[in-house]
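Undergrad: For reference, this is upload_39.cif, and it has mmCIF, C-alpha atoms.
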data_protein
#
loop_
_atom_site.label_atom_id
_atom_site.label_comp_id
_atom_site.auth_asym_id
_atom_site.auth_seq_id
_atom_site.Cartn_x
_atom_site.Cartn_y
_atom_site.Cartn_z
CA MET A 5 93.75 100.56 85.77
CA ALA A 6 90.63 101.40 87.67
CA PRO A 7 88.06 103.30 85.66
CA ALA A 8 86.81 105.09 88.78
CA GLY A 9 89.00 107.59 90.57
CA VAL A 10 88.95 108.38 94.23
CA HIS A 11 86.29 110.94 93.65
CA GLY A 12 84.02 108.55 91.79
CA LYS A 13 80.46 107.84 92.92
CA VAL A 14 80.26 105.27 95.66
CA SER A 15 77.28 103.16 96.60
CA HIS A 16 76.93 101.39 99.91
CA MET A 17 75.98 97.87 98.92
CA ARG A 18 76.96 95.24 101.41
CA THR A 19 78.89 92.08 100.82
CA GLU A 20 77.92 89.09 102.85
CA PRO A 21 80.42 88.75 105.71
CA GLY A 22 81.43 85.16 106.25
CA ASP A 23 79.93 84.21 102.87
CA PRO A 24 80.67 80.46 102.73
CA ALA A 25 80.86 80.57 98.95
CA LEU A 26 83.91 82.84 99.20
CA ALA A 27 85.53 81.14 102.17
CA ALA A 28 88.18 78.43 102.09
CA PRO A 29 88.95 75.72 104.65
CA VAL A 30 91.68 76.73 107.10
CA PRO A 31 94.36 74.10 107.77
CA ALA A 32 95.50 73.55 111.37
CA GLU A 33 99.04 74.71 110.58
CA ALA A 34 97.70 78.02 109.28
CA THR A 35 95.67 78.49 112.46
CA ALA A 36 98.84 77.99 114.52
CA ARG A 37 100.72 80.56 112.44
CA ALA A 38 97.82 82.99 112.79
CA ALA A 39 98.15 82.79 116.56
CA ALA A 40 101.78 83.93 116.29
CA ASP A 41 101.45 86.49 113.50
CA PRO A 42 98.63 89.07 113.43
CA ASP A 43 99.08 89.56 109.67
CA VAL A 44 98.41 85.87 109.05
CA ALA A 45 95.34 86.11 111.26
CA LEU A 46 94.17 89.09 109.20
CA MET A 47 94.55 87.18 105.92
CA LEU A 48 92.81 84.10 107.31
CA ARG A 49 89.88 86.32 108.29
CA LEU A 50 89.82 87.77 104.78
CA GLN A 51 90.01 84.29 103.25
CA ALA A 52 87.07 83.30 105.46
CA GLY A 53 84.99 86.12 103.94
CA ASP A 54 85.30 88.73 106.71
CA GLU A 55 85.00 92.15 105.07
CA SER A 56 86.28 94.00 108.13
CA ALA A 57 89.60 92.17 107.67
CA PHE A 58 89.91 93.89 104.29
CA GLN A 59 89.38 97.27 105.94
CA ASP A 60 91.94 96.47 108.64
CA LEU A 61 94.42 95.38 106.00
CA PHE A 62 93.78 98.55 104.00
CA ARG A 63 94.24 100.83 107.02
CA LYS A 64 97.45 99.07 107.98
CA TYR A 65 99.17 98.86 104.59
CA ALA A 66 97.58 101.43 102.25
CA PRO A 67 99.68 104.37 103.57
CA ARG A 68 102.85 102.44 102.65
CA VAL A 69 101.50 101.24 99.29
CA LEU A 70 100.38 104.78 98.41
CA GLN A 71 103.81 106.21 99.25
CA LEU A 72 105.56 103.54 97.18
CA ALA A 73 103.20 104.10 94.23
CA ARG A 74 103.66 107.88 94.49
CA ARG A 75 107.42 107.43 94.21
CA PHE A 76 106.93 105.25 91.14
CA VAL A 77 104.37 107.12 89.09
CA GLY A 78 104.85 110.66 90.38
CA SER A 79 101.24 111.73 90.09
CA GLN A 80 99.05 111.62 93.20
CA ALA A 81 95.91 110.64 91.25
CA GLN A 82 97.65 107.72 89.55
CA ALA A 83 99.21 106.60 92.82
CA GLU A 84 95.74 106.52 94.41
CA GLU A 85 94.36 104.45 91.53
CA LEU A 86 97.31 102.06 91.78
CA THR A 87 96.68 101.72 95.51
CA GLN A 88 93.07 100.78 94.79
CA ASP A 89 94.28 98.25 92.21
CA VAL A 90 96.72 96.71 94.68
CA PHE A 91 94.01 96.13 97.28
CA VAL A 92 91.52 94.79 94.74
CA GLN A 93 94.23 92.32 93.62
CA ILE A 94 94.86 91.39 97.25
CA PHE A 95 91.16 90.59 97.55
CA ARG A 96 90.96 88.68 94.25
CA PHE A 97 94.03 86.59 94.98
CA ARG A 98 93.49 86.23 98.74
CA HIS A 99 93.28 82.44 98.50
CA ARG A 100 96.73 82.32 96.89
CA TYR A 101 98.34 83.80 100.00
CA LYS A 102 100.17 81.13 101.98
CA PRO A 103 100.70 81.74 105.71
CA GLN A 104 104.32 80.58 105.28
CA SER A 105 105.04 83.86 103.43
CA ARG A 106 105.36 87.23 105.10
CA LEU A 107 102.24 89.23 104.27
CA VAL A 108 104.19 92.46 103.80
CA THR A 109 106.35 90.78 101.13
CA TRP A 110 103.27 89.41 99.37
CA ILE A 111 101.61 92.86 99.37
CA PHE A 112 104.74 94.61 98.12
CA THR A 113 105.14 91.98 95.40
CA ILE A 114 101.67 92.88 94.10
CA ALA A 115 102.33 96.61 94.52
CA THR A 116 105.73 96.51 92.80
CA ASN A 117 104.41 94.47 89.87
CA LEU A 118 101.53 96.88 89.31
CA CYS A 119 103.85 99.91 89.56
CA LEU A 120 106.39 98.42 87.14
CA ASN A 121 103.58 97.46 84.74
CA GLU A 122 102.23 100.99 84.90
CA LEU A 123 105.64 102.39 83.95
CA ARG A 124 105.83 99.96 80.99
CA ARG A 125 102.53 101.09 79.45
CA PRO A 126 103.21 102.43 75.93
CA GLU A 127 100.92 105.45 76.30
CA ARG A 128 102.83 106.42 79.43
CA GLN A 129 106.14 106.28 77.51
CA LEU A 130 104.65 108.52 74.85
CA ARG A 131 103.45 111.02 77.45
CA VAL A 132 106.86 111.15 79.08
CA ASP A 133 108.56 111.71 75.70
CA LEU A 134 106.22 114.59 74.93
CA TRP A 135 106.83 116.19 78.31
CA ASP A 136 110.57 115.84 77.89
CA ARG A 137 110.39 117.96 74.76
CA ARG A 138 108.64 120.86 76.50
CA ASP A 139 111.50 122.53 78.27
CA GLY A 140 110.57 125.00 80.93
CA GLU A 141 106.98 123.82 81.38
CA ASP A 142 105.75 122.30 84.59
CA ARG A 143 105.69 118.54 84.27
CA PRO A 144 102.65 116.88 85.78
CA GLU A 145 104.83 114.13 87.24
CA ASP A 146 107.45 115.97 89.18
CA PRO A 147 109.04 113.92 91.97
CA PRO A 148 106.98 113.93 95.15
CA LEU A 149 107.83 116.52 97.72
CA PRO A 150 108.73 115.34 101.20
CA ASP A 151 105.99 115.23 103.77
CA PRO A 152 106.39 118.56 105.67
CA ALA A 153 105.42 116.80 108.90
CA ALA A 154 108.43 114.52 108.54
CA VAL A 155 110.85 117.46 108.80
CA THR A 156 110.87 119.32 112.09
CA ALA A 157 111.47 123.07 112.28
CA GLU A 158 114.87 122.58 113.94
CA GLU A 159 116.12 120.51 111.07
CA GLY A 160 115.77 123.57 108.93
CA ALA A 161 116.00 124.45 105.29
CA ALA A 162 119.12 122.40 104.58
CA THR A 163 117.40 119.18 105.57
CA ARG A 164 114.34 120.04 103.51
CA GLU A 165 116.52 120.77 100.52
CA LEU A 166 118.37 117.49 100.97
CA ALA A 167 115.06 115.63 101.22
CA GLN A 168 113.83 117.26 98.01
CA GLN A 169 117.07 116.50 96.18
CA LEU A 170 116.97 112.93 97.42
CA GLU A 171 113.37 112.42 96.29
CA ALA A 172 114.30 113.82 92.86
CA ALA A 173 117.37 111.58 92.63
CA VAL A 174 115.34 108.51 93.63
CA ALA A 175 112.67 109.41 91.05
CA ALA A 176 115.35 109.58 88.37
CA LEU A 177 116.58 106.01 89.03
CA PRO A 178 115.60 103.26 86.57
CA PRO A 179 112.43 101.53 87.86
CA LYS A 180 114.00 98.30 89.12
CA GLN A 181 116.83 100.13 90.90
CA ARG A 182 114.24 102.41 92.46
CA ALA A 183 112.16 99.43 93.55
CA ALA A 184 115.14 97.63 95.09
CA LEU A 185 116.28 100.74 96.96
CA LEU A 186 112.85 101.73 98.28
CA LEU A 187 111.83 98.21 99.31
CA SER A 188 115.09 97.51 101.12
CA ARG A 189 115.92 100.89 102.69
CA VAL A 190 112.53 102.56 103.17
CA ASP A 191 110.23 99.56 103.65
CA GLY A 192 112.83 97.45 105.41
CA LEU A 193 112.50 94.26 103.36
CA ALA A 194 115.36 91.73 103.42
CA TYR A 195 117.16 91.22 100.10
CA ARG A 196 115.50 87.81 99.69
CA ASP A 197 112.08 89.47 99.99
CA VAL A 198 113.07 92.31 97.66
CA GLY A 199 114.10 89.68 95.11
CA GLU A 200 110.73 87.98 95.49
CA ALA A 201 108.90 91.29 95.01
CA ILE A 202 110.89 92.31 91.92
CA GLY A 203 111.20 88.79 90.53
CA CYS A 204 114.97 88.40 90.63
CA SER A 205 117.73 86.71 92.64
CA GLU A 206 119.42 88.12 95.73
CA GLY A 207 122.56 88.59 93.62
CA ALA A 208 120.58 90.69 91.16
CA VAL A 209 119.17 92.74 94.06
CA LYS A 210 122.73 93.46 95.23
CA ALA A 211 123.67 94.57 91.71
CA LEU A 212 120.61 96.83 91.47
CA LEU A 213 121.39 98.37 94.85
CA PHE A 214 125.02 98.93 93.91
CA ARG A 215 124.03 100.81 90.77
CA ALA A 216 121.33 102.77 92.62
CA THR A 217 123.74 103.76 95.38
CA GLN A 218 126.41 104.86 92.90
CA ALA A 219 123.84 106.96 91.01
CA LEU A 220 122.61 108.61 94.22
CA LYS A 221 126.17 109.39 95.30
CA ARG A 222 126.73 111.17 91.99
CA SER A 223 123.43 113.07 92.21
CA LEU A 224 123.87 114.10 95.84
CA ARG A 225 127.62 114.69 96.03
CA ASP A 226 127.06 118.32 97.05
CA TYR A 227 124.74 117.32 99.91
CA VAL A 228 125.97 114.05 101.46
CA MET B 10 140.12 91.75 97.12
CA ARG B 11 140.33 94.78 94.87
CA CYS B 12 138.69 98.16 95.56
CA ARG B 13 136.15 97.61 92.77
CA GLN B 14 134.97 94.36 94.37
CA ALA B 15 134.93 95.97 97.81
CA GLN B 16 132.67 98.77 96.55
CA ARG B 17 130.09 96.23 95.37
CA LEU B 18 129.89 94.84 98.89
CA MET B 19 129.40 98.15 100.67
CA THR B 20 125.62 98.42 100.43
CA PRO B 21 125.10 94.77 101.53
CA THR B 22 127.47 95.21 104.49
CA VAL B 23 125.57 98.30 105.67
CA ASP B 24 122.35 96.25 105.34
CA ASN B 25 123.87 93.24 107.17
CA GLU B 26 123.25 91.13 104.08
CA LEU B 27 126.78 89.80 103.46
CA GLU B 28 127.70 86.16 103.92
CA PRO B 29 130.37 85.67 106.61
CA ARG B 30 133.03 84.73 104.05
CA GLN B 31 132.41 87.93 102.04
CA GLN B 32 132.25 90.02 105.21
CA HIS B 33 135.62 88.66 106.33
CA ALA B 34 137.20 89.42 102.94
CA LEU B 35 135.76 92.95 102.97
CA ASP B 36 136.94 93.58 106.53
CA GLN B 37 140.47 92.52 105.58
CA HIS B 38 140.45 94.86 102.59
CA LEU B 39 139.14 97.76 104.66
CA THR B 40 141.91 97.31 107.21
CA ALA B 41 144.43 98.01 104.48
CA CYS B 42 142.58 100.55 102.28
CA ALA B 43 141.82 104.06 103.55
CA ALA B 44 140.02 105.06 100.33
CA CYS B 45 137.53 102.20 100.71
CA ARG B 46 136.99 103.02 104.40
CA GLN B 47 136.08 106.55 103.31
CA GLU B 48 133.82 105.18 100.57
CA LEU B 49 132.10 102.90 103.07
CA ALA B 50 131.48 105.85 105.41
CA ALA B 51 129.94 107.81 102.52
CA THR B 52 127.78 104.83 101.56
CA ARG B 53 126.59 104.43 105.14
CA THR B 54 125.69 108.13 105.39
CA LEU B 55 123.80 108.04 102.09
CA LEU B 56 121.84 104.93 103.01
CA GLU B 57 120.94 106.40 106.40
CA VAL B 58 119.54 109.46 104.64
CA VAL B 59 117.53 107.24 102.27
CA ALA B 60 116.18 105.24 105.21
CA ARG B 61 114.81 108.47 106.71
CA LEU B 62 112.51 109.04 103.72
CA PRO B 63 108.91 108.70 104.91
CA ALA B 64 107.63 105.16 104.34
CA GLU B 65 103.99 106.17 104.65
CA MET B 66 101.73 108.81 103.20
CA SER B 67 98.49 110.20 104.62
CA LEU B 68 95.50 108.64 102.91
CA PRO B 69 93.05 110.95 101.15
CA PRO B 70 89.60 110.85 102.79
CA ARG B 71 87.68 108.79 100.22
CA LEU B 72 90.36 106.33 99.09
CA GLU B 73 89.26 103.66 101.57
CA GLU B 74 85.60 104.04 100.63
CA VAL B 75 86.26 103.80 96.90
CA THR B 76 88.58 100.80 97.32
CA LEU B 77 86.00 99.06 99.49
CA HIS B 78 83.40 99.69 96.81
CA ARG B 79 85.64 98.05 94.19
CA MET B 80 86.31 95.11 96.53
CA ARG B 81 82.54 94.59 96.92
CA ASP B 82 82.16 94.63 93.12
CA ALA B 83 84.85 91.95 92.89
CA ALA B 84 83.09 89.89 95.60
CA ARG B 85 79.79 90.12 93.72
CA ALA B 86 81.50 89.05 90.49
CA GLU B 87 82.99 86.02 92.28
CA ARG B 88 79.62 85.01 93.64
CA SER B 89 77.93 85.28 90.25
CA GLU B 90 80.71 83.17 88.67
CA ARG B 91 80.20 80.43 91.27
CA ARG B 92 76.41 80.43 91.05
CA PRO B 93 75.03 77.62 88.80
CA ALA B 94 73.26 78.71 85.64
CA PRO B 95 69.45 78.88 85.98
CA GLY B 96 67.79 75.53 85.28
CA GLY B 97 70.92 73.41 85.32
CA GLU B 98 74.16 72.56 87.08
CA ALA B 99 76.34 74.37 84.60
CA CYS B 100 75.92 76.36 81.46
CA ARG B 101 76.57 74.22 78.39
CA CYS B 102 75.76 76.89 75.85
CA ARG B 103 77.57 76.81 72.54
CA PRO B 104 78.41 79.96 70.63
#
If you took the structure in this file and wrote it as structure tokens, what would it be?
TA:
Amino acid sequence: MAPAGVHGKVSHMRTEPGDPALAAPVPAEATARAAADPDVALMLRLQAGDESAFQDLFRKYAPRVLQLARRFVGSQAQAEELTQDVFVQIFRFRHRYKPQSRLVTWIFTIATNLCLNELRRPERQLRVDLWDRRDGEDRPEDPPLPDPAAVTAEEGAATRELAQQLEAAVAALPPKQRAALLLSRVDGLAYRDVGEAIGCSEGAVKALLFRATQALKRSLRDYV
Amino acid sequence: MRCRQAQRLMTPTVDNELEPRQQHALDQHLTACAACRQELAATRTLLEVVARLPAEMSLPPRLEEVTLHRMRDAARAERSERRPAPGGEACRCRP
């Protein structure tokens, strides 16, 4: 986990764009794929040492990574630190990205692994146990509330309540079920890509989604 | 196909992730089973609601700046790892 939070002190030291020491040779096949896929082009720029490619990548994918992390860890501050970690990992492992893979799958694989690791940390388990014993107190990791901008005025209170109940029900799912559901339904990944991100087979993804769907039906039977 | 098996195929059919053979078997079961047709409708409604959850979140103002700072630290660390040790090609120090 990053020692510095979002509000940490920031200096403005420059990297060296196009630094040949950090660049890798680009095969002709990769160049052809880059012409067809802007994400591949972005990664090839990053692999070539172009810092602005990192910023472009961050602006394009960080809002989705942050939302996913928020739904995993609950706390906004931790989700922001996880988002930083995801993008630092993307930078560190940029030469491992192969243009044959979809970039979004590769990014969500890193994000999901970091989120699942965060949930496995022993000190986190201890914290959750302690909170569970304090009935009636506000828990610092309540499920995230829906973005008010996503619900129009006409949709009304019922829709907002459903959205809140749904977020709570999703937050209560076991981590891998939650990951499978969010990656497939919210982020639109194919089951094969969800399996790659979680590290399991397509059959296992189907089983996770079945259990997640059954659990949500039970939780939301008064709403859906 | 039994109802229990059919229920396991409902999420994949809504997601268009069933193999043709499984889809055919499910379709045949649904033709004959009103309870599973109802269950499939409920599954479809639920998954549509889930799909409407926001996929993105507004970024706080300094998150990009802080992340960029950490990326530059990582870039500096890479460069210092690749740089040969002073006075030689590689460090051969022993502990």
Undergrad: Mind giving me the straight-line distance from atom CA of A:Arg96 to atom CA of B:Ala83 in Å, one decimal?
TA: 7.1 Å
Undergrad: Considering all atoms listed in the file, can you say which of A:Ser205, A:Gln169, A:Leu120, A:Arg182 comes closest to A:Asp226?
TA: A:Gln169
Undergrad: Rounded to one decimal in Å, what is the spacing between atom CA of A:Glu55 and atom CA of A:Gln88?
TA: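 Atom CA of A:Gln88 lies 15.7 Å from atom CA of A:Glu55.
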Undergrad: Applied to the shown file, which residues does the PyMOL selection byres ((chain B) within 7 of (chain A)) return, written as number ranges by chain?
TA: B: 17, 20-21, 55, 59-60, 62-68, 71-72, 75-76, 78-81
Undergrad: Work out how far apart atom CA of A:Arg49 and atom CA of A:Cys119 are and give it in Å to one decimal.
TA: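 About the pair atom CA of A:Arg49 and atom CA of A:Cys119: they are 27.0 Å apart.
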Undergrad: Got a sec: who's within 9 Å of stretch 33-49 of chain B, counting all atoms listed in the file, leaving out chain neighbours fewer than 3 positions off, as a count of residues only?
TA: 17
Undergrad: Take the PyMOL selection byres ((chain A and resi 43) around 9), run it mentally on this structure, and tell me the resulting residues as a count of residues only.
TA: 13
Undergrad: Please return the centre and edge lengths, in Å to one decimal, of a box with edges along x, y and z that contains all listed atoms of stretch 77-82 of chain A, widened by 8 Å on every side, as JSON.
TA:
{"center_x": 100.4, "center_y": 109.4, "center_z": 91.1, "size_x": 24.9, "size_y": 20.6, "size_z": 20.1}
